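Chemist: What follows is query_25.cif; its format and atoms are mmCIF, C-alpha atoms.
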data_structure
loop_
_atom_site.label_atom_id
_atom_site.label_comp_id
_atom_site.auth_asym_id
_atom_site.auth_seq_id
_atom_site.Cartn_x
_atom_site.Cartn_y
_atom_site.Cartn_z
CA MET R 1 -36.11 -31.35 -34.99
CA SER R 2 -33.18 -29.21 -33.96
CA ARG R 3 -33.71 -26.05 -31.97
CA ARG R 4 -31.91 -22.86 -32.82
CA LYS R 5 -29.88 -21.89 -29.79
CA PHE R 6 -28.60 -18.40 -29.11
CA LEU R 7 -25.35 -18.65 -27.17
CA VAL R 8 -24.71 -15.88 -24.65
CA ILE R 9 -21.55 -15.51 -22.57
CA ALA R 10 -22.53 -15.24 -18.91
CA ASP R 11 -19.70 -13.09 -17.66
CA ASP R 12 -19.55 -10.22 -15.22
CA SER R 13 -19.26 -7.45 -17.80
CA PRO R 14 -21.83 -4.67 -17.56
CA GLU R 15 -22.80 -5.04 -21.22
CA SER R 16 -23.56 -8.77 -21.00
CA GLY R 17 -27.07 -7.89 -19.85
CA ALA R 18 -27.81 -6.29 -23.22
CA ALA R 19 -26.60 -9.42 -25.03
CA LEU R 20 -28.79 -11.59 -22.81
CA ARG R 21 -31.91 -9.45 -23.24
CA TYR R 22 -31.39 -9.31 -27.02
CA ALA R 23 -30.89 -13.10 -27.25
CA CYS R 24 -34.04 -13.65 -25.18
CA LYS R 25 -36.13 -11.45 -27.46
CA ARG R 26 -34.70 -13.10 -30.59
CA ALA R 27 -35.32 -16.56 -29.16
CA LEU R 28 -38.88 -15.59 -28.33
CA SER R 29 -39.58 -14.12 -31.77
CA THR R 30 -38.00 -17.00 -33.69
CA GLY R 31 -38.94 -20.00 -31.59
CA GLY R 32 -35.36 -20.43 -30.43
CA HIS R 33 -33.74 -21.20 -27.12
CA VAL R 34 -31.16 -19.37 -24.98
CA CYS R 35 -27.96 -21.11 -23.97
CA LEU R 36 -25.81 -19.49 -21.26
CA LEU R 37 -22.07 -20.16 -21.17
CA ARG R 38 -20.09 -19.47 -18.00
CA VAL R 39 -16.34 -19.89 -18.33
CA ILE R 40 -14.15 -20.85 -15.40
CA GLU R 41 -10.49 -20.23 -16.05
CA PRO R 42 -8.26 -22.81 -14.41
CA ALA R 43 -6.71 -21.77 -11.12
CA VAL R 44 -2.95 -21.79 -11.01
CA PHE R 45 -2.47 -23.62 -7.76
CA GLU R 46 -0.03 -26.47 -7.91
CA HIS R 47 0.24 -27.25 -4.21
CA TRP R 48 -2.13 -29.48 -2.27
CA SER R 49 -4.67 -31.04 -4.55
CA GLY R 50 -7.33 -30.84 -1.83
CA VAL R 51 -7.13 -27.05 -1.81
CA ARG R 52 -7.32 -26.96 -5.62
CA GLU R 53 -10.35 -29.25 -5.61
CA GLU R 54 -12.09 -27.06 -3.01
CA MET R 55 -11.36 -23.94 -5.08
CA GLU R 56 -12.82 -25.62 -8.18
CA ARG R 57 -15.90 -26.70 -6.23
CA GLN R 58 -16.45 -23.14 -5.01
CA GLU R 59 -15.96 -21.70 -8.52
CA ARG R 60 -18.51 -24.14 -9.91
CA ALA R 61 -21.01 -23.30 -7.17
CA GLU R 62 -20.53 -19.60 -7.92
CA ALA R 63 -21.01 -20.23 -11.66
CA GLU R 64 -24.24 -22.12 -10.96
CA MET R 65 -25.53 -19.24 -8.81
CA VAL R 66 -24.76 -16.71 -11.57
CA LEU R 67 -26.52 -18.86 -14.16
CA GLN R 68 -29.56 -19.37 -11.92
CA LYS R 69 -29.86 -15.59 -11.47
CA LEU R 70 -29.63 -15.01 -15.24
CA ALA R 71 -32.18 -17.76 -15.80
CA GLU R 72 -34.76 -15.56 -14.10
CA THR R 73 -34.41 -13.03 -16.93
CA VAL R 74 -34.61 -15.74 -19.57
CA MET R 75 -37.71 -17.27 -18.00
CA ALA R 76 -39.41 -13.88 -17.66
CA VAL R 77 -38.88 -13.06 -21.35
CA THR R 78 -39.13 -16.42 -23.10
CA GLY R 79 -41.13 -18.55 -20.70
CA GLN R 80 -38.48 -21.28 -21.05
CA ALA R 81 -35.55 -22.24 -18.87
CA PRO R 82 -32.20 -21.63 -20.55
CA GLU R 83 -29.59 -24.28 -21.09
CA PHE R 84 -26.56 -23.93 -18.83
CA LEU R 85 -23.01 -24.62 -19.94
CA ILE R 86 -20.12 -24.36 -17.52
CA ARG R 87 -16.73 -24.83 -19.13
CA HIS R 88 -13.27 -24.94 -17.64
CA ALA R 89 -11.07 -23.34 -20.30
CA GLU R 90 -7.99 -21.18 -20.72
CA SER R 91 -10.04 -18.54 -22.54
CA THR R 92 -13.59 -17.63 -23.44
CA ARG R 93 -12.80 -18.19 -27.13
CA LEU R 94 -11.69 -21.75 -26.38
CA ALA R 95 -14.82 -22.37 -24.31
CA ILE R 96 -16.99 -21.09 -27.16
CA ARG R 97 -15.16 -23.37 -29.58
CA GLN R 98 -15.78 -26.37 -27.30
CA ALA R 99 -19.47 -25.51 -26.89
CA VAL R 100 -20.01 -25.04 -30.62
CA ALA R 101 -18.17 -28.26 -31.46
CA ASN R 102 -20.31 -30.23 -29.00
CA ASP R 103 -23.71 -28.81 -29.92
CA PRO R 104 -24.81 -28.39 -33.55
CA ASP R 105 -27.98 -26.62 -32.38
CA ILE R 106 -25.98 -23.56 -31.33
CA LYS R 107 -26.61 -21.33 -34.32
CA ILE R 108 -25.76 -17.77 -33.23
CA LEU R 109 -23.35 -16.24 -30.73
CA VAL R 110 -24.75 -13.03 -29.22
CA LEU R 111 -22.28 -10.53 -27.77
CA ALA R 112 -22.58 -6.93 -26.64
CA ALA R 113 -19.97 -4.28 -27.32
CA SER R 114 -18.44 -2.49 -24.37
CA THR R 115 -19.92 0.85 -23.43
CA GLY R 116 -16.92 2.32 -21.62
CA GLY R 117 -15.36 4.05 -24.62
CA LYS R 118 -12.23 1.89 -24.44
CA GLY R 119 -13.00 -0.20 -27.50
CA PRO R 120 -15.61 -2.85 -28.12
CA GLY R 121 -14.43 -5.21 -25.38
CA PRO R 122 -11.81 -7.95 -25.43
CA LEU R 123 -13.90 -10.74 -26.95
CA VAL R 124 -15.46 -8.56 -29.67
CA ALA R 125 -12.04 -7.07 -30.46
CA SER R 126 -10.47 -10.51 -30.70
CA ILE R 127 -13.20 -11.71 -33.07
CA ALA R 128 -12.79 -8.59 -35.20
CA ARG R 129 -9.03 -9.14 -35.30
CA ASP R 130 -8.82 -12.92 -35.64
CA GLY R 131 -12.15 -13.81 -37.23
CA VAL R 132 -14.76 -16.30 -36.15
CA ASN R 133 -12.98 -19.59 -36.62
CA TRP R 134 -14.78 -21.86 -34.18
CA GLY R 135 -13.15 -25.02 -35.46
CA SER R 136 -15.19 -27.32 -37.62
CA ARG R 137 -18.24 -25.01 -37.89
CA LYS R 138 -19.02 -21.52 -38.96
CA LEU R 139 -21.11 -19.58 -36.49
CA PRO R 140 -22.62 -16.16 -37.07
CA VAL R 141 -21.93 -13.56 -34.40
CA THR R 142 -24.42 -10.84 -33.51
CA VAL R 143 -22.83 -7.88 -31.73
CA VAL R 144 -25.29 -5.50 -30.14
CA PRO R 145 -24.48 -2.16 -28.52
CA GLY R 146 -24.00 -2.77 -24.82
CA ASP R 147 -26.13 0.20 -23.85
CA LEU R 148 -29.33 -0.76 -25.69
CA THR R 149 -32.48 -0.05 -23.74
CA ASP R 150 -35.24 -2.63 -23.39
CA ASP R 151 -37.37 -0.65 -25.85
CA GLU R 152 -34.56 -0.57 -28.42
CA ILE R 153 -34.00 -4.30 -27.99
CA ALA R 154 -37.71 -5.01 -28.44
CA ASP R 155 -37.69 -2.94 -31.62
CA LEU R 156 -34.64 -4.72 -33.05
CA ALA R 157 -35.39 -8.28 -32.02
#
Now that the file is in, can you turn its structure into structure tokens?

Modeler:
Amino acid sequence: MSRRKFLVIADDSPESGAALRYACKRALSTGGHVCLLRVIEPAVFEHWSGVREEMERQERAEAEMVLQKLAETVMAVTGQAPEFLIRHAESTRLAIRQAVANDPDIKILVLAASTGGKGPGPLVASIARDGVNWGSRKLPVTVVPGDLTDDEIADLA
């Protein structure tokens, strides 16, 4: 039996917490699972492969630490450990496309809109502009307000 996975982008944006909390509540209420995607953009460092390899190792270690910290929230809400995805990609959209192509259980992408008053955020704006073409599959996108409180999330999810 396949499990419905809610894909959340684990970035450093302030609104990503709202997306994570919403995905956790939805996963809990629907019997789903949370999947966290951390994107590492390739470093532009053409000299000395040893230095490049060390930079990549450090970026991966940092990504794992971020995901472990977010896993605490997922565990507290759902009682289940999230799935971790770390992707090296030129863009978050490309990383999402790769994740969706490789895992048919990813059913919903959960994003949060920016709260800074400067538009909805780059990823949400790009999806609104270019659509949700994730390659071979169609994937619904849930965009939640980035400033939702825990009570509002509980009411919606």

Chemist: Could you give me, as JSON lines, a per-residue list for stretch 3-78 of chain R showing, wherever an atom lies at most 7 Å from an atom of stretch 110-124 of chain R, the closest pair of atoms and their distance in Å to one decimal, using only C-alpha atoms and sorting by chain then residue number from low to high?

Modeler:
{"residue": "R:Phe6", "atom": "CA", "partner": "R:Val110", "partner_atom": "CA", "distance": 6.6}
{"residue": "R:Leu7", "atom": "CA", "partner": "R:Val110", "partner_atom": "CA", "distance": 6.0}
{"residue": "R:Val8", "atom": "CA", "partner": "R:Val110", "partner_atom": "CA", "distance": 5.4}
{"residue": "R:Glu15", "atom": "CA", "partner": "R:Ala112", "partner_atom": "CA", "distance": 5.7}
{"residue": "R:Ser16", "atom": "CA", "partner": "R:Ala112", "partner_atom": "CA", "distance": 6.0}
{"residue": "R:Ala18", "atom": "CA", "partner": "R:Ala112", "partner_atom": "CA", "distance": 6.3}
{"residue": "R:Ala19", "atom": "CA", "partner": "R:Ala112", "partner_atom": "CA", "distance": 5.0}
{"residue": "R:Ala23", "atom": "CA", "partner": "R:Val110", "partner_atom": "CA", "distance": 6.4}

Chemist: Please write the residues from the selection above to a file, keeping C-alpha atoms, as a PDB file, in the frame of the given file.

Modeler:
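Now in result.pdb:
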ATOM      1  CA  PHE R   6     -28.600 -18.400 -29.110  1.00  0.00           C
ATOM      2  CA  LEU R   7     -25.350 -18.650 -27.170  1.00  0.00           C
ATOM      3  CA  VAL R   8     -24.710 -15.880 -24.650  1.00  0.00           C
ATOM      4  CA  GLU R  15     -22.800  -5.040 -21.220  1.00  0.00           C
ATOM      5  CA  SER R  16     -23.560  -8.770 -21.000  1.00  0.00           C
ATOM      6  CA  ALA R  18     -27.810  -6.290 -23.220  1.00  0.00           C
ATOM      7  CA  ALA R  19     -26.600  -9.420 -25.030  1.00  0.00           C
ATOM      8  CA  ALA R  23     -30.890 -13.100 -27.250  1.00  0.00           C
TER       9      ALA R  23
END

Chemist: Report the residues retrieved by the PyMOL selection byres ((chain R and resi 102) around 12) from the displayed file, expressed as JSON, numbers by chain.

Modeler: {"R": [85, 87, 95, 96, 97, 98, 99, 100, 101, 103, 104, 105, 106, 134, 135, 136, 137]}

Chemist: Can those selected residues be exported to a file as a PDB file, keeping the file's coordinate frame so that it contains C-alpha atoms?

Modeler:
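Listed below is the output, again_34.pdb:
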ATOM      1  CA  LEU R  85     -23.010 -24.620 -19.940  1.00  0.00           C
ATOM      2  CA  ARG R  87     -16.730 -24.830 -19.130  1.00  0.00           C
ATOM      3  CA  ALA R  95     -14.820 -22.370 -24.310  1.00  0.00           C
ATOM      4  CA  ILE R  96     -16.990 -21.090 -27.160  1.00  0.00           C
ATOM      5  CA  ARG R  97     -15.160 -23.370 -29.580  1.00  0.00           C
ATOM      6  CA  GLN R  98     -15.780 -26.370 -27.300  1.00  0.00           C
ATOM      7  CA  ALA R  99     -19.470 -25.510 -26.890  1.00  0.00           C
ATOM      8  CA  VAL R 100     -20.010 -25.040 -30.620  1.00  0.00           C
ATOM      9  CA  ALA R 101     -18.170 -28.260 -31.460  1.00  0.00           C
ATOM     10  CA  ASP R 103     -23.710 -28.810 -29.920  1.00  0.00           C
ATOM     11  CA  PRO R 104     -24.810 -28.390 -33.550  1.00  0.00           C
ATOM     12  CA  ASP R 105     -27.980 -26.620 -32.380  1.00  0.00           C
ATOM     13  CA  ILE R 106     -25.980 -23.560 -31.330  1.00  0.00           C
ATOM     14  CA  TRP R 134     -14.780 -21.860 -34.180  1.00  0.00           C
ATOM     15  CA  GLY R 135     -13.150 -25.020 -35.460  1.00  0.00           C
ATOM     16  CA  SER R 136     -15.190 -27.320 -37.620  1.00  0.00           C
ATOM     17  CA  ARG R 137     -18.240 -25.010 -37.890  1.00  0.00           C
TER      18      ARG R 137
END

Chemist: Rank R:Gly32, R:His88, R:Gly146, R:Asp151 by their smallest atom-to-atom distance to R:Glu56, using only C-alpha atoms, and report the top residue only.

Modeler: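 Of all the options, R:His88 lies closest to R:Glu56.
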
Chemist: What would the selection look like, as a ChimeraX atom specification, if the PyMOL selection byres ((chain R and resi 35-40) around 9) were run on the coordinates I just shared?

Modeler: /R:5-11,20,33-34,41-43,56,59-60,63-64,66-67,70-71,82-92,95-96,99,106

Chemist: Given all atoms listed in the file as the basis, pick out the residue of R:Ala128, R:Ile108, R:Ala81, R:Glu62 nearest to R:Pro140.

Modeler: R:Ile108

Chemist: List the residues sitting within 10 Å of (-29.8, -7.3, -31.9) in the file's frame, using only C-alpha atoms, as a PyMOL selection string.

Modeler: chain R and resi 18-19+21-23+25-26+110-112+142-145+148+152-157

Chemist: Can you write just those residues out, C-alpha atoms, as a PDB file, keeping the file's coordinate frame?

Modeler:
ATOM      1  CA  ALA R  18     -27.810  -6.290 -23.220  1.00  0.00           C
ATOM      2  CA  ALA R  19     -26.600  -9.420 -25.030  1.00  0.00           C
ATOM      3  CA  ARG R  21     -31.910  -9.450 -23.240  1.00  0.00           C
ATOM      4  CA  TYR R  22     -31.390  -9.310 -27.020  1.00  0.00           C
ATOM      5  CA  ALA R  23     -30.890 -13.100 -27.250  1.00  0.00           C
ATOM      6  CA  LYS R  25     -36.130 -11.450 -27.460  1.00  0.00           C
ATOM      7  CA  ARG R  26     -34.700 -13.100 -30.590  1.00  0.00           C
ATOM      8  CA  VAL R 110     -24.750 -13.030 -29.220  1.00  0.00           C
ATOM      9  CA  LEU R 111     -22.280 -10.530 -27.770  1.00  0.00           C
ATOM     10  CA  ALA R 112     -22.580  -6.930 -26.640  1.00  0.00           C
ATOM     11  CA  THR R 142     -24.420 -10.840 -33.510  1.00  0.00           C
ATOM     12  CA  VAL R 143     -22.830  -7.880 -31.730  1.00  0.00           C
ATOM     13  CA  VAL R 144     -25.290  -5.500 -30.140  1.00  0.00           C
ATOM     14  CA  PRO R 145     -24.480  -2.160 -28.520  1.00  0.00           C
ATOM     15  CA  LEU R 148     -29.330  -0.760 -25.690  1.00  0.00           C
ATOM     16  CA  GLU R 152     -34.560  -0.570 -28.420  1.00  0.00           C
ATOM     17  CA  ILE R 153     -34.000  -4.300 -27.990  1.00  0.00           C
ATOM     18  CA  ALA R 154     -37.710  -5.010 -28.440  1.00  0.00           C
ATOM     19  CA  ASP R 155     -37.690  -2.940 -31.620  1.00  0.00           C
ATOM     20  CA  LEU R 156     -34.640  -4.720 -33.050  1.00  0.00           C
ATOM     21  CA  ALA R 157     -35.390  -8.280 -32.020  1.00  0.00           C
TER      22      ALA R 157
END

Chemist: Find the distance between atom CA of R:Lys107 and atom CA of R:Leu139 and write it in Å to one decimal.

Modeler: 6.2 Å

Chemist: Which value, in Å to one decimal, gives the distance between atom CA of R:Ala61 and atom CA of R:Thr78?

Modeler: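 Atom CA of R:Thr78 lies at a distance of 25.1 Å from atom CA of R:Ala61.
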
Chemist: Quote the spacing between atom CA of R:Ser13 and atom CA of R:Gln68 in Å to one decimal place.

Modeler: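 We find that atom CA of R:Ser13 and atom CA of R:Gln68 lie 16.8 Å from each other.
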